[in-house]
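Peer 1: After the structure tokens below, expect a handful of questions from me.
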Amino acid sequence: MAGEDAIQSGAQSGAQSGPQSADLNRFPAFDPAGRAGASFKPQHFEAIAADPAAIGFLEVHAENYMGAGGPPHAALSAIRNLLPVSLHGVCMSIGGLEPLDRTHLARFAGLVRRYEPFLVSEHLAWSTHDDVFFNDLLPLPYTGETLARVCAHIDQVQEAISRPMLLENPSTYVLFAQSTWAETDFLREIVRRTGCGLLLDINNVFVSATNHGFSAMEYLADFPLDHVGEIHLAGHDEQEDDEGAPLLIDSHDRPVADPVWALYERVLRQCGPITTLVEWDADVPEWPVLQSEAAAAERILHDCRGAATRSTASHALQA
Amino acid sequence: MRSRPDNGAAPRPPFEAAFGRVILEPDRPEPDFVVGPRGKAASRRFDVYRNNVTHSLVTALEEIFPAVALILGERNFRMIARDFVRASPPRSRLVFEYGEGFAAHLAGFDPIRHLAYLPDVARLERAWLDAYHAADEAPLSPGAVGALSPEALASAHFTPHPAMRLIRSDYAVHTIFVAHRTGPMPERIDAGIAESVLVTRPALQVELRHVQPGEAVFLLALRDGATLQEAAECAVLGNPSFDLAGAIGLLLSSGAFSACQPATHSED
């Protein structure tokens, strides 16, 4: 979730940054095609800066950089001079029925202008209702009503940032009695109506498939893979449901599990290379551990270079 | 489980409202429309969301108030923080802004009333994080002040730097903060000594300074729009030993202000 790493980052960097003009291409042009990235944690700043070529790109949670100034912006500006950055929003509450918060949307769009991320993504989830912020990615029923709201919200975001966004499939622990759409159909229809792309989180697929007793392979076969602009991989925890069966928790606190790696390879063999991020947000290890997870993804990306190239439109900002 | 309303009933409230009503209350059942697959129960499943929400916010408070957490011990802190999360969940999506009311929550919690200094330590920790995320701005340069004539300086107004905070306490909050966050732990802290703390962030590092009572009055008066002469008069009133030259030095060295505006013409 958002917040853990920006509450008090220890990052020090020389670059003093302030709000800057919205000139495009203030940052060096990078091409992260075929590379894998990792979540950026401020405590890794020195290690990353010492060898930026060791990682393809870094992804940040937008909310951690929504303060006015200070060390978080200084660190992100310095990182952005070294590497491509993708911006991952966590708190937009796109999946809620309430209108989007205009202040939050403006802050989000401001970050897109300021840091020129090559990808911008958000979640099919909600986190705020009636002004209370729950700091979690909460699930929504898949109905005609929620579909219309989600599409309206995505239209609003894409208008604010003047570019397409990627929407991430959720990991869920419950289902809704009122749902009338399958998740994959719901996502496909969102793509059709809004023109957004998708962020395929393969760990989320595996977590939800286990929790709800469906086949991850069949889910992926139904998934609109042609519209995937980024893949997420992460580790999960295992608990038990009310009946004592495994209930997986999307914890982002450990290495990617073997079955998730296997699903990842299947997707890439079918689609060819897709920009991939390894997420790690709690119990964050030393940089070499996280970097080696990304390197493992990159080996699979490399092996799949010959696979069918998709017809998909790129969602990356072209330098 | 309640039966679902039929079509003639009032429309169901939004699903988020049903979630929101119970997600911070572990003793209330999950919303009736929340289910597991193939008729499975959803109680432990829904608890995952309850745990995520409460755990993430309690953890955020622990990271915002590390000295308070150290003083209370992890178990006590997390219990008190959990009560706070349930009573005052965040209204901002920016977690680093959370906890404005935590000092008051601590002050109102009877079992820790003997730790009378604790609410002020929490206020200082909250101020530290506000300064950390405050807007970047260059502090007032000594040259800009040195260029003024004594008369112009006396009638000048000062613009507080975005990171500037001042915490006045009846307790030794600076000593307690430093001992629990950055410095070595002294053998004994006399918590009953009043301390005022100036918080600034002239560049990227948050700086804390223990300031004298007269200096605190002086800085607060300047922050609130007094001229330098008016601020000095306020400071000296209750603090005969107030040292104006030292206070101006502090004003400059701390980065508490970002600009000064000398009066453009002499006052009538």
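Labels for the structure tokens follow display order: chains A, B, ..., residues from 1 in each chain, ligands from 1.
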Return as a PDB file with N, CA, C and O atoms, in the first residue's frame the residues belonging to chain A that are within 6 Å of chain B, counting only C-alpha atoms.

Peer 2:
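Ended up saving to part14.pdb:
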```
ATOM      1  N   GLY A   3       2.457   4.762   1.116  1.00  0.00           N
ATOM      2  CA  GLY A   3       2.753   5.447   2.352  1.00  0.00           C
ATOM      3  C   GLY A   3       3.921   4.908   3.117  1.00  0.00           C
ATOM      4  O   GLY A   3       4.625   5.675   3.737  1.00  0.00           O
ATOM      5  N   ILE A   7       6.804   7.991   4.448  1.00  0.00           N
ATOM      6  CA  ILE A   7       6.520   8.664   5.706  1.00  0.00           C
ATOM      7  C   ILE A   7       7.783   9.347   6.201  1.00  0.00           C
ATOM      8  O   ILE A   7       7.784  10.504   6.533  1.00  0.00           O
ATOM      9  N   GLY A  18      12.662  21.944  -6.902  1.00  0.00           N
ATOM     10  CA  GLY A  18      11.499  22.736  -6.570  1.00  0.00           C
ATOM     11  C   GLY A  18      10.484  22.538  -7.662  1.00  0.00           C
ATOM     12  O   GLY A  18      10.779  21.897  -8.660  1.00  0.00           O
ATOM     13  N   GLY A  67       3.569  15.211  -1.329  1.00  0.00           N
ATOM     14  CA  GLY A  67       3.916  16.293  -0.420  1.00  0.00           C
ATOM     15  C   GLY A  67       4.396  17.481  -1.243  1.00  0.00           C
ATOM     16  O   GLY A  67       4.685  17.359  -2.435  1.00  0.00           O
ATOM     17  N   ALA A  68       4.491  18.652  -0.587  1.00  0.00           N
ATOM     18  CA  ALA A  68       4.866  19.856  -1.327  1.00  0.00           C
ATOM     19  C   ALA A  68       6.323  19.816  -1.777  1.00  0.00           C
ATOM     20  O   ALA A  68       6.658  20.284  -2.868  1.00  0.00           O
ATOM     21  N   GLY A  69       7.203  19.293  -0.926  1.00  0.00           N
ATOM     22  CA  GLY A  69       8.628  19.319  -1.262  1.00  0.00           C
ATOM     23  C   GLY A  69       9.403  18.354  -0.385  1.00  0.00           C
ATOM     24  O   GLY A  69       8.852  17.359   0.080  1.00  0.00           O
ATOM     25  N   GLY A  70      10.685  18.690  -0.158  1.00  0.00           N
ATOM     26  CA  GLY A  70      11.489  17.887   0.746  1.00  0.00           C
ATOM     27  C   GLY A  70      12.193  16.719   0.100  1.00  0.00           C
ATOM     28  O   GLY A  70      12.206  16.569  -1.127  1.00  0.00           O
ATOM     29  N   PRO A  71      12.794  15.864   0.932  1.00  0.00           N
ATOM     30  CA  PRO A  71      13.627  14.764   0.437  1.00  0.00           C
ATOM     31  C   PRO A  71      12.935  13.822  -0.556  1.00  0.00           C
ATOM     32  O   PRO A  71      13.604  13.355  -1.484  1.00  0.00           O
ATOM     33  N   ASP A 131     -15.373  10.642   2.542  1.00  0.00           N
ATOM     34  CA  ASP A 131     -14.258  11.393   3.107  1.00  0.00           C
ATOM     35  C   ASP A 131     -13.339  10.573   4.001  1.00  0.00           C
ATOM     36  O   ASP A 131     -12.344  11.086   4.491  1.00  0.00           O
ATOM     37  N   VAL A 132     -13.676   9.325   4.282  1.00  0.00           N
ATOM     38  CA  VAL A 132     -12.782   8.502   5.099  1.00  0.00           C
ATOM     39  C   VAL A 132     -11.878   7.706   4.167  1.00  0.00           C
ATOM     40  O   VAL A 132     -12.352   7.056   3.239  1.00  0.00           O
ATOM     41  N   PHE A 133     -10.587   7.769   4.445  1.00  0.00           N
ATOM     42  CA  PHE A 133      -9.603   7.065   3.627  1.00  0.00           C
ATOM     43  C   PHE A 133      -9.184   5.775   4.347  1.00  0.00           C
ATOM     44  O   PHE A 133      -8.691   5.819   5.471  1.00  0.00           O
ATOM     45  N   PHE A 134      -9.391   4.636   3.694  1.00  0.00           N
ATOM     46  CA  PHE A 134      -9.153   3.351   4.344  1.00  0.00           C
ATOM     47  C   PHE A 134      -7.763   2.771   4.086  1.00  0.00           C
ATOM     48  O   PHE A 134      -7.417   1.729   4.639  1.00  0.00           O
ATOM     49  N   ASN A 135      -6.971   3.413   3.241  1.00  0.00           N
ATOM     50  CA  ASN A 135      -5.588   2.983   2.999  1.00  0.00           C
ATOM     51  C   ASN A 135      -5.488   1.514   2.596  1.00  0.00           C
ATOM     52  O   ASN A 135      -4.577   0.806   3.010  1.00  0.00           O
ATOM     53  N   ASP A 136      -6.436   1.040   1.802  1.00  0.00           N
ATOM     54  CA  ASP A 136      -6.340  -0.315   1.278  1.00  0.00           C
ATOM     55  C   ASP A 136      -7.039  -0.339  -0.078  1.00  0.00           C
ATOM     56  O   ASP A 136      -7.852   0.541  -0.372  1.00  0.00           O
ATOM     57  N   TYR A 173     -10.373 -11.050  -1.910  1.00  0.00           N
ATOM     58  CA  TYR A 173     -10.586 -12.083  -0.891  1.00  0.00           C
ATOM     59  C   TYR A 173     -12.056 -12.456  -0.770  1.00  0.00           C
ATOM     60  O   TYR A 173     -12.388 -13.480  -0.196  1.00  0.00           O
ATOM     61  N   VAL A 174     -12.938 -11.567  -1.270  1.00  0.00           N
ATOM     62  CA  VAL A 174     -14.376 -11.839  -1.241  1.00  0.00           C
ATOM     63  C   VAL A 174     -14.944 -11.637  -2.639  1.00  0.00           C
ATOM     64  O   VAL A 174     -14.314 -11.016  -3.503  1.00  0.00           O
ATOM     65  N   LEU A 175     -16.163 -12.174  -2.827  1.00  0.00           N
ATOM     66  CA  LEU A 175     -16.927 -11.917  -4.044  1.00  0.00           C
ATOM     67  C   LEU A 175     -18.191 -11.164  -3.642  1.00  0.00           C
ATOM     68  O   LEU A 175     -18.518 -11.081  -2.458  1.00  0.00           O
ATOM     69  N   PHE A 176     -18.905 -10.629  -4.645  1.00  0.00           N
ATOM     70  CA  PHE A 176     -20.123  -9.869  -4.389  1.00  0.00           C
ATOM     71  C   PHE A 176     -21.317 -10.606  -4.969  1.00  0.00           C
ATOM     72  O   PHE A 176     -21.290 -10.982  -6.149  1.00  0.00           O
ATOM     73  N   ALA A 177     -22.353 -10.756  -4.146  1.00  0.00           N
ATOM     74  CA  ALA A 177     -23.552 -11.456  -4.616  1.00  0.00           C
ATOM     75  C   ALA A 177     -24.158 -10.734  -5.814  1.00  0.00           C
ATOM     76  O   ALA A 177     -24.751 -11.364  -6.691  1.00  0.00           O
ATOM     77  N   HIS A 212     -10.606 -17.925  -4.900  1.00  0.00           N
ATOM     78  CA  HIS A 212     -11.968 -18.127  -5.382  1.00  0.00           C
ATOM     79  C   HIS A 212     -12.130 -19.425  -6.169  1.00  0.00           C
ATOM     80  O   HIS A 212     -13.176 -19.672  -6.759  1.00  0.00           O
ATOM     81  N   ASP A 241      -8.963 -19.691   4.874  1.00  0.00           N
ATOM     82  CA  ASP A 241     -10.307 -19.116   4.839  1.00  0.00           C
ATOM     83  C   ASP A 241     -11.170 -19.755   5.931  1.00  0.00           C
ATOM     84  O   ASP A 241     -10.674 -20.524   6.776  1.00  0.00           O
ATOM     85  N   ASP A 242     -12.473 -19.442   5.937  1.00  0.00           N
ATOM     86  CA  ASP A 242     -13.357 -19.924   7.002  1.00  0.00           C
ATOM     87  C   ASP A 242     -13.432 -21.449   7.048  1.00  0.00           C
ATOM     88  O   ASP A 242     -13.723 -22.035   8.088  1.00  0.00           O
TER      89      ASP A 242
END
```

Peer 1: Give me the residues within 12 Å of Leu82 of chain A as a list in words, counting only C-alpha atoms and dropping any in the same chain fewer than 2 places off.

Peer 2: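 Those residues are Phe27, Pro28, Ala29, Phe30, Phe45, Glu46, Ile48, Ala49, Ala50, Asp51, Pro52, Ala53, Ala54, Ile55, Gly56, Phe57, Leu58, Ala75, Leu76, Ser77, Ala78, Ile79, Arg80, Pro84 and Val85 of chain A.
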
Peer 1: Which residue gives the smallest distance to Phe65 of chain B among B:Pro186, B:Pro119, B:Gly39, B:Pro29, with only C-alpha atoms counted?

Peer 2: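 So, comparing all the options, the nearest one is B:Pro119.
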
Peer 1: Within 9 Å of Gly34 of chain A, counting only C-alpha atoms, which residues show up once you throw out same-chain ones fewer than 4 positions away? Write them as a list of chain:residue names, please.

Peer 2: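 Answer for this query is A:Gly56, A:Pro273, A:Ile274, A:Thr275, A:Thr276, A:Glu298, A:Leu301, A:His302, A:Arg305.
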
Peer 1: Determine which residues of segment 18-246 of chain B DSSP labels as alpha helix (DSSP H) from the backbone of this structure, then write them out as a VMD selection string.

Peer 2: chain B and resid 18 to 23 43 to 64 66 to 72 74 to 87 102 to 107 118 to 133 142 to 146 150 to 154 173 to 181 213 to 223 228 to 238 244 to 246

Peer 1: Could you work out how far atom CA of Thr194 of chain A lies from atom CA of Ala148 of chain A, giving the answer in Å with one decimal?

Peer 2: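 Atom CA of Ala148 of chain A sits 10.4 Å away from atom CA of Thr194 of chain A.
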
Peer 1: Just checking: using only C-alpha atoms, which residue out of A:Ile249, A:Leu97, A:Met165, A:Val284 ends up closest to Thr143 of chain A?

Peer 2: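 Nearest to Thr143 of chain A: A:Leu97.
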
Peer 1: For the atom pair atom CA of Ser86 of chain A and atom CA of Val120 of chain A, what is the interatomic distance in Å to one decimal place?

Peer 2: 6.0 Å

Peer 1: Tell me which of A:Ala106, A:Leu268, A:Ala245, A:Ala62 sits closest to Gln156 of chain A, counting only C-alpha atoms.

Peer 2: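 The closest residue to Gln156 of chain A is A:Ala106.
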
Peer 1: May I ask which of the residues B:Ala138, B:Leu220, B:Leu70, B:Ala18 is the closest one to His180 of chain B, counting only C-alpha atoms?

Peer 2: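 Ranked by minimum distance to His180 of chain B, first place goes to B:Leu70.
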
Peer 1: Taking 4 positions as the minimum chain separation for residues in the same chain, which residues sit within 12 Å of Val90 of chain A when counting only C-alpha atoms? Answer as a tab-separated table (two decimals) with N, CA and C atoms, in the first residue's frame.

Peer 2:
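Printed below is around_4.tsv as written:
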```
chain	number	residue	atom	x	y	z
A	1	MET	N	0.83	-1.19	0.00
A	1	MET	CA	0.00	0.00	0.00
A	1	MET	C	0.87	1.24	0.00
A	2	ALA	N	0.23	2.32	-0.23
A	2	ALA	CA	0.96	3.58	-0.28
A	2	ALA	C	1.46	3.95	1.10
A	3	GLY	N	2.46	4.76	1.12
A	3	GLY	CA	2.75	5.45	2.35
A	3	GLY	C	3.92	4.91	3.12
A	60	VAL	N	7.18	4.12	-8.78
A	60	VAL	CA	6.87	4.76	-7.49
A	60	VAL	C	5.37	4.84	-7.30
A	61	HIS	N	4.97	4.78	-6.04
A	61	HIS	CA	3.57	5.04	-5.69
A	61	HIS	C	3.36	6.55	-5.70
A	62	ALA	N	2.41	7.00	-6.49
A	62	ALA	CA	2.22	8.43	-6.68
A	62	ALA	C	2.03	9.17	-5.36
A	63	GLU	N	1.25	8.58	-4.45
A	63	GLU	CA	0.88	9.29	-3.22
A	63	GLU	C	2.09	9.62	-2.35
A	64	ASN	N	3.15	8.83	-2.47
A	64	ASN	CA	4.33	9.10	-1.66
A	64	ASN	C	5.05	10.37	-2.09
A	65	TYR	N	4.70	10.89	-3.26
A	65	TYR	CA	5.35	12.09	-3.78
A	65	TYR	C	4.35	13.23	-3.93
A	66	MET	N	3.32	13.21	-3.11
A	66	MET	CA	2.31	14.26	-3.17
A	66	MET	C	2.49	15.29	-2.07
A	94	ILE	N	-10.79	4.77	-8.09
A	94	ILE	CA	-11.48	4.67	-9.39
A	94	ILE	C	-12.68	3.73	-9.31
A	95	GLY	N	-12.59	2.72	-8.44
A	95	GLY	CA	-13.66	1.72	-8.37
A	95	GLY	C	-14.83	2.10	-7.49
A	104	HIS	N	-7.15	15.47	-5.52
A	104	HIS	CA	-6.23	14.34	-5.68
A	104	HIS	C	-5.87	14.14	-7.15
A	105	LEU	N	-6.87	14.27	-8.01
A	105	LEU	CA	-6.63	14.10	-9.44
A	105	LEU	C	-5.64	15.17	-9.95
A	108	PHE	N	-2.19	14.27	-8.89
A	108	PHE	CA	-1.73	13.13	-9.71
A	108	PHE	C	-1.25	13.63	-11.07
A	120	VAL	N	1.76	5.19	-16.70
A	120	VAL	CA	0.93	5.69	-15.59
A	120	VAL	C	-0.16	4.66	-15.34
A	121	SER	N	-0.31	4.24	-14.10
A	121	SER	CA	-1.30	3.19	-13.82
A	121	SER	C	-2.06	3.48	-12.53
A	122	GLU	N	-3.22	2.84	-12.42
A	122	GLU	CA	-4.04	2.90	-11.20
A	122	GLU	C	-4.76	1.56	-11.06
A	123	HIS	N	-5.56	1.44	-10.00
A	123	HIS	CA	-6.17	0.15	-9.65
A	123	HIS	C	-7.67	0.10	-9.89
A	124	LEU	N	-8.15	-1.10	-10.20
A	124	LEU	CA	-9.59	-1.36	-10.19
A	124	LEU	C	-9.96	-1.66	-8.73
A	125	ALA	N	-10.16	-0.61	-7.97
A	125	ALA	CA	-10.40	-0.74	-6.52
A	125	ALA	C	-10.86	0.62	-6.01
A	126	TRP	N	-11.28	0.64	-4.74
A	126	TRP	CA	-11.62	1.93	-4.12
A	126	TRP	C	-10.98	1.98	-2.74
A	127	SER	N	-10.80	3.18	-2.21
A	127	SER	CA	-10.12	3.31	-0.91
A	127	SER	C	-10.70	4.43	-0.06
A	128	THR	N	-11.54	5.29	-0.67
A	128	THR	CA	-12.11	6.40	0.09
A	128	THR	C	-13.61	6.39	-0.08
A	133	PHE	N	-10.59	7.77	4.44
A	133	PHE	CA	-9.60	7.06	3.63
A	133	PHE	C	-9.18	5.77	4.35
A	134	PHE	N	-9.39	4.64	3.69
A	134	PHE	CA	-9.15	3.35	4.34
A	134	PHE	C	-7.76	2.77	4.09
A	135	ASN	N	-6.97	3.41	3.24
A	135	ASN	CA	-5.59	2.98	3.00
A	135	ASN	C	-5.49	1.51	2.60
A	136	ASP	N	-6.44	1.04	1.80
A	136	ASP	CA	-6.34	-0.32	1.28
A	136	ASP	C	-7.04	-0.34	-0.08
A	137	LEU	N	-6.70	-1.33	-0.88
A	137	LEU	CA	-7.35	-1.48	-2.18
A	137	LEU	C	-8.57	-2.37	-1.98
A	138	LEU	N	-9.74	-1.74	-1.85
A	138	LEU	CA	-10.96	-2.47	-1.51
A	138	LEU	C	-11.69	-2.87	-2.80
A	167	LEU	N	-4.94	0.18	-16.23
A	167	LEU	CA	-5.75	-0.21	-15.08
A	167	LEU	C	-5.33	-1.60	-14.62
A	168	GLU	N	-5.07	-1.74	-13.32
A	168	GLU	CA	-4.57	-3.02	-12.78
A	168	GLU	C	-5.71	-3.91	-12.29
A	170	PRO	N	-7.36	-6.54	-9.83
A	170	PRO	CA	-7.14	-6.62	-8.39
A	170	PRO	C	-6.86	-8.04	-7.90
B	93	ARG	N	-5.94	11.26	1.80
B	93	ARG	CA	-5.37	10.08	1.16
B	93	ARG	C	-3.86	10.06	1.29
B	94	LEU	N	-3.29	11.12	1.81
B	94	LEU	CA	-1.84	11.17	1.97
B	94	LEU	C	-1.52	10.72	3.39
B	95	VAL	N	-1.04	9.50	3.51
B	95	VAL	CA	-0.86	8.90	4.83
B	95	VAL	C	0.09	9.74	5.69
```

Peer 1: Might you pull out every residue within 12 Å of Met185 of chain B, with only C-alpha atoms counted and same-chain residues fewer than 4 positions away left off, and present them as a PDB file with all heavy atoms, in the first residue's frame?

Peer 2:
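Contents of the output file out-v3.pdb:
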```
ATOM      1  N   ALA B  67       9.093   8.124  18.454  1.00  0.00           N
ATOM      2  CA  ALA B  67       9.517   8.353  19.842  1.00  0.00           C
ATOM      3  C   ALA B  67       8.379   7.985  20.802  1.00  0.00           C
ATOM      4  O   ALA B  67       8.602   7.330  21.827  1.00  0.00           O
ATOM      5  CB  ALA B  67       9.940   9.816  20.038  1.00  0.00           C
ATOM      6  N   LEU B  70       8.307   4.307  21.055  1.00  0.00           N
ATOM      7  CA  LEU B  70       9.399   3.763  21.865  1.00  0.00           C
ATOM      8  C   LEU B  70       9.104   3.941  23.355  1.00  0.00           C
ATOM      9  O   LEU B  70       9.369   3.064  24.177  1.00  0.00           O
ATOM     10  CB  LEU B  70      10.696   4.486  21.478  1.00  0.00           C
ATOM     11  CG  LEU B  70      12.015   3.782  21.765  1.00  0.00           C
ATOM     12  CD1 LEU B  70      12.064   2.411  21.095  1.00  0.00           C
ATOM     13  CD2 LEU B  70      13.175   4.638  21.250  1.00  0.00           C
ATOM     14  N   ILE B  71       8.541   5.102  23.700  1.00  0.00           N
ATOM     15  CA  ILE B  71       8.235   5.384  25.103  1.00  0.00           C
ATOM     16  C   ILE B  71       7.126   4.451  25.615  1.00  0.00           C
ATOM     17  O   ILE B  71       7.208   3.921  26.723  1.00  0.00           O
ATOM     18  CB  ILE B  71       7.826   6.869  25.278  1.00  0.00           C
ATOM     19  CG1 ILE B  71       9.045   7.778  25.028  1.00  0.00           C
ATOM     20  CG2 ILE B  71       7.240   7.125  26.666  1.00  0.00           C
ATOM     21  CD1 ILE B  71       8.689   9.244  24.771  1.00  0.00           C
ATOM     22  N   THR B 175      14.610  17.356  24.606  1.00  0.00           N
ATOM     23  CA  THR B 175      15.504  16.342  25.171  1.00  0.00           C
ATOM     24  C   THR B 175      14.927  14.941  24.954  1.00  0.00           C
ATOM     25  O   THR B 175      15.636  14.006  24.554  1.00  0.00           O
ATOM     26  CB  THR B 175      15.689  16.602  26.679  1.00  0.00           C
ATOM     27  OG1 THR B 175      16.151  17.945  26.845  1.00  0.00           O
ATOM     28  CG2 THR B 175      16.687  15.637  27.293  1.00  0.00           C
ATOM     29  N   ILE B 176      13.630  14.802  25.169  1.00  0.00           N
ATOM     30  CA  ILE B 176      12.987  13.491  25.023  1.00  0.00           C
ATOM     31  C   ILE B 176      13.006  13.051  23.560  1.00  0.00           C
ATOM     32  O   ILE B 176      13.319  11.902  23.239  1.00  0.00           O
ATOM     33  CB  ILE B 176      11.537  13.541  25.567  1.00  0.00           C
ATOM     34  CG1 ILE B 176      11.557  13.762  27.084  1.00  0.00           C
ATOM     35  CG2 ILE B 176      10.777  12.257  25.226  1.00  0.00           C
ATOM     36  CD1 ILE B 176      10.195  14.100  27.685  1.00  0.00           C
ATOM     37  N   PHE B 177      12.698  13.977  22.663  1.00  0.00           N
ATOM     38  CA  PHE B 177      12.689  13.661  21.225  1.00  0.00           C
ATOM     39  C   PHE B 177      14.068  13.182  20.775  1.00  0.00           C
ATOM     40  O   PHE B 177      14.206  12.132  20.146  1.00  0.00           O
ATOM     41  CB  PHE B 177      12.274  14.914  20.443  1.00  0.00           C
ATOM     42  CG  PHE B 177      12.209  14.722  18.944  1.00  0.00           C
ATOM     43  CD1 PHE B 177      10.990  14.563  18.307  1.00  0.00           C
ATOM     44  CD2 PHE B 177      13.360  14.724  18.156  1.00  0.00           C
ATOM     45  CE1 PHE B 177      10.915  14.397  16.926  1.00  0.00           C
ATOM     46  CE2 PHE B 177      13.297  14.560  16.779  1.00  0.00           C
ATOM     47  CZ  PHE B 177      12.072  14.401  16.160  1.00  0.00           C
ATOM     48  N   VAL B 178      15.086  13.968  21.114  1.00  0.00           N
ATOM     49  CA  VAL B 178      16.439  13.637  20.660  1.00  0.00           C
ATOM     50  C   VAL B 178      16.878  12.291  21.233  1.00  0.00           C
ATOM     51  O   VAL B 178      17.430  11.447  20.523  1.00  0.00           O
ATOM     52  CB  VAL B 178      17.422  14.763  21.056  1.00  0.00           C
ATOM     53  CG1 VAL B 178      18.863  14.326  20.815  1.00  0.00           C
ATOM     54  CG2 VAL B 178      17.112  16.036  20.260  1.00  0.00           C
ATOM     55  N   ALA B 179      16.578  12.066  22.509  1.00  0.00           N
ATOM     56  CA  ALA B 179      17.003  10.810  23.143  1.00  0.00           C
ATOM     57  C   ALA B 179      16.339   9.608  22.485  1.00  0.00           C
ATOM     58  O   ALA B 179      16.946   8.535  22.387  1.00  0.00           O
ATOM     59  CB  ALA B 179      16.660  10.840  24.636  1.00  0.00           C
ATOM     60  N   HIS B 180      15.097   9.767  22.011  1.00  0.00           N
ATOM     61  CA  HIS B 180      14.381   8.617  21.474  1.00  0.00           C
ATOM     62  C   HIS B 180      14.441   8.506  19.960  1.00  0.00           C
ATOM     63  O   HIS B 180      13.962   7.525  19.402  1.00  0.00           O
ATOM     64  CB  HIS B 180      12.914   8.666  21.926  1.00  0.00           C
ATOM     65  CG  HIS B 180      12.754   8.378  23.382  1.00  0.00           C
ATOM     66  ND1 HIS B 180      12.860   9.359  24.344  1.00  0.00           N
ATOM     67  CD2 HIS B 180      12.521   7.224  24.039  1.00  0.00           C
ATOM     68  CE1 HIS B 180      12.688   8.810  25.539  1.00  0.00           C
ATOM     69  NE2 HIS B 180      12.477   7.526  25.385  1.00  0.00           N
ATOM     70  N   ARG B 181      15.003   9.487  19.291  1.00  0.00           N
ATOM     71  CA  ARG B 181      15.029   9.391  17.828  1.00  0.00           C
ATOM     72  C   ARG B 181      16.415   9.441  17.231  1.00  0.00           C
ATOM     73  O   ARG B 181      16.675   8.740  16.254  1.00  0.00           O
ATOM     74  CB  ARG B 181      14.157  10.478  17.187  1.00  0.00           C
ATOM     75  CG  ARG B 181      12.698  10.123  17.346  1.00  0.00           C
ATOM     76  CD  ARG B 181      11.732  11.019  16.640  1.00  0.00           C
ATOM     77  NE  ARG B 181      11.999  11.363  15.268  1.00  0.00           N
ATOM     78  CZ  ARG B 181      11.030  11.628  14.379  1.00  0.00           C
ATOM     79  NH1 ARG B 181       9.773  11.534  14.727  1.00  0.00           N
ATOM     80  NH2 ARG B 181      11.337  11.998  13.165  1.00  0.00           N
ATOM     81  N   ILE B 189      16.293  11.630  32.371  1.00  0.00           N
ATOM     82  CA  ILE B 189      15.737  12.845  31.772  1.00  0.00           C
ATOM     83  C   ILE B 189      14.760  13.438  32.771  1.00  0.00           C
ATOM     84  O   ILE B 189      13.885  12.730  33.272  1.00  0.00           O
ATOM     85  CB  ILE B 189      14.984  12.529  30.458  1.00  0.00           C
ATOM     86  CG1 ILE B 189      15.952  12.018  29.388  1.00  0.00           C
ATOM     87  CG2 ILE B 189      14.244  13.761  29.947  1.00  0.00           C
ATOM     88  CD1 ILE B 189      15.259  11.549  28.110  1.00  0.00           C
TER      89      ILE B 189
END
```

Peer 1: Can you tell me, as a list in words, what residues are no more than 10 Å from Val112 of chain A when counting only C-alpha atoms, ignoring any on the same chain fewer than 2 positions away?

Peer 2: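 These residues fall inside the cut-off: Ala22, Ala62, Ser86, Leu87, Ala106, Arg107, Phe108, Ala109, Gly110, Arg114, Tyr115, Glu116, Pro117, Phe118, Leu119, Val120, Ala160, Ile161, Ser162 and Arg163 of chain A.
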
Peer 1: Suppose you want the space between atom CA of Cys151 of chain A and atom CA of Cys91 of chain A; what is it in Å?

Peer 2: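 Spanning atom CA of Cys151 of chain A to atom CA of Cys91 of chain A is a straight-line distance of 16.6 Å.
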